[in-house]
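Scroll down for the structure; my scribbles are underneath it.
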Amino acid sequence: MPQPPKRVKRRSSNASPARPGPPVERLDGQPRAAHDEHSRISHQATQGVRELEGIFQSIGDAVLVYDRDANVLRANEAAFQLMGATEQPEYFARPAAERYALMPMRDEHGQLVPPDQWPTTRLLRGEQIPGSHPTEVRLRRLDGIDIDVSITGAPMRDAEGAIIGAVIVMRDVTERRQLEGERHHMLAVVTHDLRAPLTSMKMRAIFMRRRMDLGDVPTAHDLDQLDESIHRMEYLVNDLLDAERLDAGHFTLDKRPCDLTDLCRQIAEEQSAATDRPITLDVPSVCLHVTADVDRLAQVLTNLLSNALKYSATDRPVTLRLSESAGCARVEVRDEGPGIPPEALPYLFGRYYRVPGIEVRHGTVSGIGLGLHICRRLVELHGGQIGVVSTPGSGATFWFTLPLDLPQD
Ligand code: ADP
């Protein structure tokens, strides 16, 4: 549980504390009335301060108040959480240079923000950082997690206009930045990967027209090449659309009872024929019944098998295994390719992820890193789980489970 809201540092008052003395009463009773009025005002003021404190603490954004030397006077609960400082409240009592050293701040190029550009420095020299032009930086929180934050703020001035401190408001924008990064990546993928087959189709069409102008007919090779480019475009567009709909939750499965044993056989045969490579099939002799969208299940199997085939050498075996355990069907696709390095595992089923350095060894259709993401979403929509076990250098086993239909009496 986070610590309760803390007051980081109190501003000391030079005035000597009021000493309670015996009430002096005048004959007309005025001092008593004045005293009552004073206590009423004082009570109201305390009440007001409490209310303000409540509002300050309940603000969802991190709010920090600084004095003119950039010491933190106050920080609300959201600030403690945003900075990962709930366990280290003493962090805020440190001087600015120590705080920035403990929580480095980097710009969009990954460069450390220099002291004269720290938001507090800018505000304390009179700059505003308005909501219309927030500063966005990456912070390494006290617990070591990197987050992107948007910072706005303003200097605080006294009645004469002299700067006496600053207020900063920070918001965690990590998720938004991540989405922007993905959109950017998707645009790059779409423009690059869709342009390649498009250009090839265009060239092929020009070439065929020239042939026809010379009285020749297009050859089977021309048509095959055209077909391949169309197939590639279709594959990319379908992946993009599927991922979009699955992620947005606009995807409905057409579930019916089906025999997973038979489906595994069919897909293994199809993939084997398409790639001219043997696939070792290890399935039970009985039917395993699941309720599933057969086309989408076929898509998952095809994807895992085609990855196993395309990322491993042509002379290495690929195995498709189906088994039953604890009310679930378990499908495993094993290859003896390069395997998956441990550092890639957390990202493998994410969008647009391709393991650096892993080359397509067989076939020409390289994907855009959406296949496994789509597989994960489809398996999860079926109530199953998906994963991989791998020893880098000696292959990978991608697996998924599906709940089996209950046996009918
Ligand atoms: P792609 O369409 O690029 O193959 P996937 O989402 O299917 O996208 O796979 C993501 C990445 O995971 C691939 O680009 C590849 O780097 C790696 N990968 C997938 N399957 C295997 C495998 N069987 N062996 C080694 N690497 C694999």
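Identifiers for the structure tokens are assigned positionally: chains receive A, B, ... in sequence, residues are indexed from 1 per chain, and ligands are indexed from 1 in the order shown.
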Fewer than 3 positions away in the same chain doesn't count, so skip those; otherwise give me all residues within 10 Å of Glu332 of chain A, counting only C-alpha atoms, as a ChimeraX atom specification. /A:282,301,304-305,319-323,335,386-389,396-401
Per residue of chain A within 8 Å of ligand 1, which atom pair is closest and at what distance in Å (one decimal), using only C-alpha atoms and all ligand atoms, listed by chain and increasing number, as JSON lines?
```
{"residue": "A:Asn303", "atom": "CA", "partner": "ligand 1", "partner_atom_place_in_ligand_line": "7 (O)", "distance": 6.4}
{"residue": "A:Leu304", "atom": "CA", "partner": "ligand 1", "partner_atom_place_in_ligand_line": "20 (N)", "distance": 6.8}
{"residue": "A:Leu305", "atom": "CA", "partner": "ligand 1", "partner_atom_place_in_ligand_line": "23 (N)", "distance": 7.9}
{"residue": "A:Asn307", "atom": "CA", "partner": "ligand 1", "partner_atom_place_in_ligand_line": "20 (N)", "distance": 4.7}
{"residue": "A:Ala308", "atom": "CA", "partner": "ligand 1", "partner_atom_place_in_ligand_line": "23 (N)", "distance": 4.0}
{"residue": "A:Leu309", "atom": "CA", "partner": "ligand 1", "partner_atom_place_in_ligand_line": "23 (N)", "distance": 7.4}
{"residue": "A:Lys310", "atom": "CA", "partner": "ligand 1", "partner_atom_place_in_ligand_line": "23 (N)", "distance": 7.7}
{"residue": "A:Tyr311", "atom": "CA", "partner": "ligand 1", "partner_atom_place_in_ligand_line": "24 (N)", "distance": 5.2}
{"residue": "A:Ser312", "atom": "CA", "partner": "ligand 1", "partner_atom_place_in_ligand_line": "24 (N)", "distance": 6.8}
{"residue": "A:Arg334", "atom": "CA", "partner": "ligand 1", "partner_atom_place_in_ligand_line": "23 (N)", "distance": 7.6}
{"residue": "A:Asp335", "atom": "CA", "partner": "ligand 1", "partner_atom_place_in_ligand_line": "23 (N)", "distance": 6.3}
{"residue": "A:Gly337", "atom": "CA", "partner": "ligand 1", "partner_atom_place_in_ligand_line": "24 (N)", "distance": 5.6}
{"residue": "A:Pro338", "atom": "CA", "partner": "ligand 1", "partner_atom_place_in_ligand_line": "25 (C)", "distance": 5.5}
{"residue": "A:Gly339", "atom": "CA", "partner": "ligand 1", "partner_atom_place_in_ligand_line": "25 (C)", "distance": 4.7}
{"residue": "A:Ile340", "atom": "CA", "partner": "ligand 1", "partner_atom_place_in_ligand_line": "25 (C)", "distance": 5.5}
{"residue": "A:Leu348", "atom": "CA", "partner": "ligand 1", "partner_atom_place_in_ligand_line": "12 (O)", "distance": 5.8}
{"residue": "A:Phe349", "atom": "CA", "partner": "ligand 1", "partner_atom_place_in_ligand_line": "6 (O)", "distance": 6.5}
{"residue": "A:Gly350", "atom": "CA", "partner": "ligand 1", "partner_atom_place_in_ligand_line": "6 (O)", "distance": 7.7}
{"residue": "A:Arg351", "atom": "CA", "partner": "ligand 1", "partner_atom_place_in_ligand_line": "6 (O)", "distance": 7.4}
{"residue": "A:Tyr352", "atom": "CA", "partner": "ligand 1", "partner_atom_place_in_ligand_line": "6 (O)", "distance": 6.9}
{"residue": "A:Tyr353", "atom": "CA", "partner": "ligand 1", "partner_atom_place_in_ligand_line": "10 (C)", "distance": 5.4}
{"residue": "A:Arg354", "atom": "CA", "partner": "ligand 1", "partner_atom_place_in_ligand_line": "14 (O)", "distance": 3.5}
{"residue": "A:Val355", "atom": "CA", "partner": "ligand 1", "partner_atom_place_in_ligand_line": "16 (O)", "distance": 3.7}
{"residue": "A:Pro356", "atom": "CA", "partner": "ligand 1", "partner_atom_place_in_ligand_line": "16 (O)", "distance": 6.4}
{"residue": "A:Gly357", "atom": "CA", "partner": "ligand 1", "partner_atom_place_in_ligand_line": "16 (O)", "distance": 7.5}
{"residue": "A:Ile358", "atom": "CA", "partner": "ligand 1", "partner_atom_place_in_ligand_line": "16 (O)", "distance": 5.1}
{"residue": "A:Glu359", "atom": "CA", "partner": "ligand 1", "partner_atom_place_in_ligand_line": "16 (O)", "distance": 7.2}
{"residue": "A:Ser366", "atom": "CA", "partner": "ligand 1", "partner_atom_place_in_ligand_line": "3 (O)", "distance": 5.8}
{"residue": "A:Gly367", "atom": "CA", "partner": "ligand 1", "partner_atom_place_in_ligand_line": "2 (O)", "distance": 3.0}
{"residue": "A:Ile368", "atom": "CA", "partner": "ligand 1", "partner_atom_place_in_ligand_line": "3 (O)", "distance": 4.5}
{"residue": "A:Gly369", "atom": "CA", "partner": "ligand 1", "partner_atom_place_in_ligand_line": "8 (O)", "distance": 3.2}
{"residue": "A:Leu370", "atom": "CA", "partner": "ligand 1", "partner_atom_place_in_ligand_line": "6 (O)", "distance": 4.2}
{"residue": "A:Gly371", "atom": "CA", "partner": "ligand 1", "partner_atom_place_in_ligand_line": "6 (O)", "distance": 3.6}
{"residue": "A:Leu372", "atom": "CA", "partner": "ligand 1", "partner_atom_place_in_ligand_line": "6 (O)", "distance": 3.7}
{"residue": "A:His373", "atom": "CA", "partner": "ligand 1", "partner_atom_place_in_ligand_line": "6 (O)", "distance": 5.7}
{"residue": "A:Ile374", "atom": "CA", "partner": "ligand 1", "partner_atom_place_in_ligand_line": "6 (O)", "distance": 7.6}
{"residue": "A:Gly395", "atom": "CA", "partner": "ligand 1", "partner_atom_place_in_ligand_line": "24 (N)", "distance": 6.6}
{"residue": "A:Ala396", "atom": "CA", "partner": "ligand 1", "partner_atom_place_in_ligand_line": "23 (N)", "distance": 5.7}
{"residue": "A:Thr397", "atom": "CA", "partner": "ligand 1", "partner_atom_place_in_ligand_line": "23 (N)", "distance": 7.3}
{"residue": "A:Phe398", "atom": "CA", "partner": "ligand 1", "partner_atom_place_in_ligand_line": "23 (N)", "distance": 7.1}
```
Would you give me, as JSON, numbers by chain, the residues in segment 193-339 of chain A that DSSP reads as helix (DSSP H, G or I)? {"A": [193, 194, 195, 196, 197, 198, 199, 200, 201, 202, 203, 204, 205, 206, 207, 208, 209, 210, 211, 212, 213, 220, 221, 222, 223, 224, 225, 226, 227, 228, 229, 230, 231, 232, 233, 234, 235, 236, 237, 238, 239, 240, 241, 242, 243, 244, 245, 246, 247, 248, 260, 261, 262, 263, 264, 265, 266, 267, 268, 269, 270, 271, 272, 273, 274, 275, 294, 295, 296, 297, 298, 299, 300, 301, 302, 303, 304, 305, 306, 307, 308, 309, 310]}
Output as a PyMOL selection string all residues of segment 114-354 of chain A that backbone DSSP marks as strand (DSSP E). chain A and resi 135-140+146-157+163-172+256-259+280-282+289-292+318-325+328-335
Identify, on the basis of only C-alpha atoms, every residue whose closest approach to Leu223 of chain A does not exceed 12 Å; exclude the query and any residue fewer than 6 positions from it along the same chain; express the result as an MDAnalysis selection string. chainID A and resid 201 204:205 207:208 217 229:230
Let's have the selection written as a PDB file, in the first residue's frame, with C-alpha atoms.
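So the final result, stored in again-v8.pdb, reads:
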```pdb
ATOM      1  CA  MET A 201       3.312  -5.976 -59.723  1.00  0.00           C
ATOM      2  CA  ARG A 204       5.534  -7.028 -64.135  1.00  0.00           C
ATOM      3  CA  ALA A 205       2.474  -5.383 -65.734  1.00  0.00           C
ATOM      4  CA  PHE A 207       6.852  -5.835 -68.824  1.00  0.00           C
ATOM      5  CA  MET A 208       3.873  -7.927 -69.932  1.00  0.00           C
ATOM      6  CA  VAL A 217       1.917 -13.559 -75.006  1.00  0.00           C
ATOM      7  CA  SER A 229       3.099 -10.494 -55.447  1.00  0.00           C
ATOM      8  CA  ILE A 230      -0.700 -10.556 -55.163  1.00  0.00           C
TER       9      ILE A 230
END
```
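In this model, the gap between atom CA of Pro342 of chain A and atom CA of Arg106 of chain A comes to 27.5 Å.
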Just want the 12 Å neighbourhood of Ala196 of chain A, counted on only C-alpha atoms, with same-chain residues fewer than 5 positions away dropped. Output as a ChimeraX atom specification. /A:189-191,201-203,228-230,232-233,236,365-366
Quick one: everything within 7 Å of segment 248-257 of chain A, counting only C-alpha atoms, minus sequence neighbours fewer than 2 positions away in the same chain. Send it as a PyMOL selection string. chain A and resi 244-246+289-293
For Arg171 of chain A, the nearest of the candidates A:Ala159, A:Met83, A:Ile206, A:Ala45, counting only C-alpha atoms: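 Smallest distance to Arg171 of chain A is found for A:Met83.
Take the candidates A:Ser200, A:Thr120, A:Ser325, A:Ser132 and check each one against Ala70 of chain A using only C-alpha atoms; the shortest distance goes to A:Thr120.
Note that atom CA of Gln225 of chain A and atom CA of Arg277 of chain A are 21.9 Å apart.
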Of the candidates A:Met186, A:Ala101, A:Ser39, A:Tyr66, which shows the shortest atom-to-atom distance to Ala243 of chain A, using only C-alpha atoms?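 With only C-alpha atoms as the atom set, the closest residue is A:Met186.
A straight line drawn from atom CA of Gln128 of chain A to atom CA of Ile151 of chain A is 10.9 Å long.
When only C-alpha atoms are used to measure the gap to Ile147 of chain A, the shortest distance among A:Ile279, A:Leu179, A:Ile129, A:Val173 belongs to A:Val173.
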